[in-house]
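Colleague: Here it is, the structure, as structure tokens.
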Amino acid sequence: MENTINGIHHITAIAGDARTNYDFYTRVLGLRMVKKTVNFDDPNTYHFYYGDENGTPGSILTFFPWGNQIPAGRRGTRQATEIGYSVPEGSLDFWLKRLEANKITYNKPAEKFGEQYLTFLDPDGLKFELTVPKITDNRIPWTTPEVTADFATRGFHNVTITTNNIEETAKVLTDIFGYRLVEQHVNRFRFVTDAVENANIVDLVEAPGERAGHVAKGSVHHIAFRVANDDILMEFRKKVLDAGLQITDKIDRNYFYSLYFREPGGVLFEIASDNPGFATDETVEQLGSGLMLPPQYEPRREQIVKVLPVLN
């Protein structure tokens, strides 16, 4: 089981206003700010990591809040179009009322693959689903006074990719990552890995005539898949190269090691290691409390802090 893709590690998206993003995800959704750092390539922009208490892979949603001056994205093909969270049975009514009270756009609950789910858009238009899974999700959630354990998200349930033709993307999932097709409903194909119990579903939606989306504010930037360590990471690098795809060298992201490649359907995939984790420059109790800069930017801390928006 070790030399496998262990489902989703994290999902990274683009946001507009940093304060609005921080308020929505920590207060409305009730996630923990696991790490407050900056974009490796643009240190004048935050990089937020939200998740559970420990920043467990499979719970981590990250954002580049580039400000409201950037254009809104457009959902379409060649994109990850929906992010699915797992929530407890009986919690959808709570979420309906909470989204309504916070003036969040949502749809009434529906069902697919035998599971009830609720769709909503975050303040930038990023599309989410809250799903009650068929099998109870026993992951321990991060809770707040307003979002208690009876309702809190457990981490990712699935991610959806929309594509003009699923064939080549499906090959990456099955032949390289070890997923298998388990269900199909009309043009939605559900792929699952048995390596882990949670955050292990990728849905491919085939839309032959739909135009390509545009990745900007309110869009998923990339999906990161999980491996146990950076030795296994390099085994997957060889697999991707052997499949005829281009992939980066190993990159040290401080809290994990990464490889990036664009799958044939156009979506940016990352493979990320569990090691070393988020409790390297802060204790678990302190996670998200300070601004943690990559070492190369530490000498510029005073200058960077002046540029970054104050969150609260």
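For the structure tokens, the naming scheme is as follows: chains receive sequential letters (A, B, ...) according to their order of presentation, residues are indexed from 1 within each chain, and ligands are indexed from 1 in presentation order.
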Restrict the calculation to only C-alpha atoms, then for each residue of range 67-138 of chain A with any atom at most 12 Å from an atom of range 167-181 of chain A give the closest atom pair and their distance in Å to one decimal, rows by chain and rising residue number, as a Markdown table.

Modeller:
```
| residue | atom | partner | partner_atom | distance |
| --- | --- | --- | --- | --- |
| A:Arg78 | CA | A:Thr169 | CA | 10.1 |
| A:Gln79 | CA | A:Thr169 | CA | 11.4 |
| A:Ala80 | CA | A:Thr169 | CA | 11.9 |
```

Colleague: List the spatial neighbours of Lys306 in chain A as a list of chain:residue names - criterion: any atom at most 12 Å away, only C-alpha atoms, same-chain residues fewer than 3 positions off excluded.

Modeller: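 My reading of the contact set: A:Pro43, A:Asn44, A:Thr45, A:Arg300, A:Arg301, A:Glu302, A:Gln303, A:Pro309, A:Val310.
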
Colleague: I need the residues from that last selection saved to file as an mmCIF file, in the first residue's frame (with N, CA and C atoms), if you can.

Modeller:
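As a result, out-v8.cif now contains:
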```cif
data_model
loop_
_atom_site.group_PDB
_atom_site.id
_atom_site.type_symbol
_atom_site.label_atom_id
_atom_site.label_comp_id
_atom_site.auth_asym_id
_atom_site.auth_seq_id
_atom_site.Cartn_x
_atom_site.Cartn_y
_atom_site.Cartn_z
ATOM 1 N N PRO A 43 6.128 36.627 -3.387
ATOM 2 C CA PRO A 43 6.077 36.744 -1.929
ATOM 3 C C PRO A 43 5.226 37.896 -1.412
ATOM 4 N N ASN A 44 4.750 38.748 -2.301
ATOM 5 C CA ASN A 44 3.838 39.809 -1.881
ATOM 6 C C ASN A 44 2.379 39.341 -1.860
ATOM 7 N N THR A 45 2.171 38.050 -2.116
ATOM 8 C CA THR A 45 0.844 37.431 -2.074
ATOM 9 C C THR A 45 0.840 36.322 -1.034
ATOM 10 N N ARG A 300 13.485 39.570 3.997
ATOM 11 C CA ARG A 300 12.593 40.627 3.505
ATOM 12 C C ARG A 300 11.299 40.706 4.307
ATOM 13 N N ARG A 301 11.268 40.082 5.490
ATOM 14 C CA ARG A 301 10.022 39.978 6.257
ATOM 15 C C ARG A 301 9.362 41.344 6.463
ATOM 16 N N GLU A 302 10.100 42.330 6.920
ATOM 17 C CA GLU A 302 9.501 43.632 7.228
ATOM 18 C C GLU A 302 8.839 44.232 5.993
ATOM 19 N N GLN A 303 9.506 44.156 4.872
ATOM 20 C CA GLN A 303 8.978 44.697 3.618
ATOM 21 C C GLN A 303 7.735 43.920 3.163
ATOM 22 N N PRO A 309 -2.179 42.199 3.215
ATOM 23 C CA PRO A 309 -3.350 42.707 3.946
ATOM 24 C C PRO A 309 -3.408 42.186 5.379
ATOM 25 N N VAL A 310 -3.862 43.020 6.291
ATOM 26 C CA VAL A 310 -4.121 42.591 7.669
ATOM 27 C C VAL A 310 -5.419 41.807 7.681
#
```

Colleague: For range 281-294 of chain A, find every residue with an atom within 7 Å (counting only C-alpha atoms), except residues of its own chain fewer than 3 positions away, and show them as a list in words.

Modeller: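 Selected residues are Met33, Val34, Lys35, Lys36, Thr37, Val38, Asn54, Tyr297 and Glu298 of chain A.
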
Colleague: Kindly indicate which residue among A:Ile166, A:Asn102, A:Gly90, A:Val28 lies nearest to Glu146 in chain A, using only C-alpha atoms for the distances.

Modeller: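 Looking at the shortest contact to Glu146 in chain A, the residue is A:Val28.
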
Colleague: Would you list the contacts of Ile201 in chain A as a list in words, taking every protein, DNA or RNA residue within 8 Å and counting only C-alpha atoms, but skipping same-chain residues closer than 2 positions in sequence?

Modeller: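 My list of contacting residues is Gly7, His157, Asn158, Val159, Arg190, Phe191, Val192, Thr193, Asn198, Ala199 and Asp203 of chain A.
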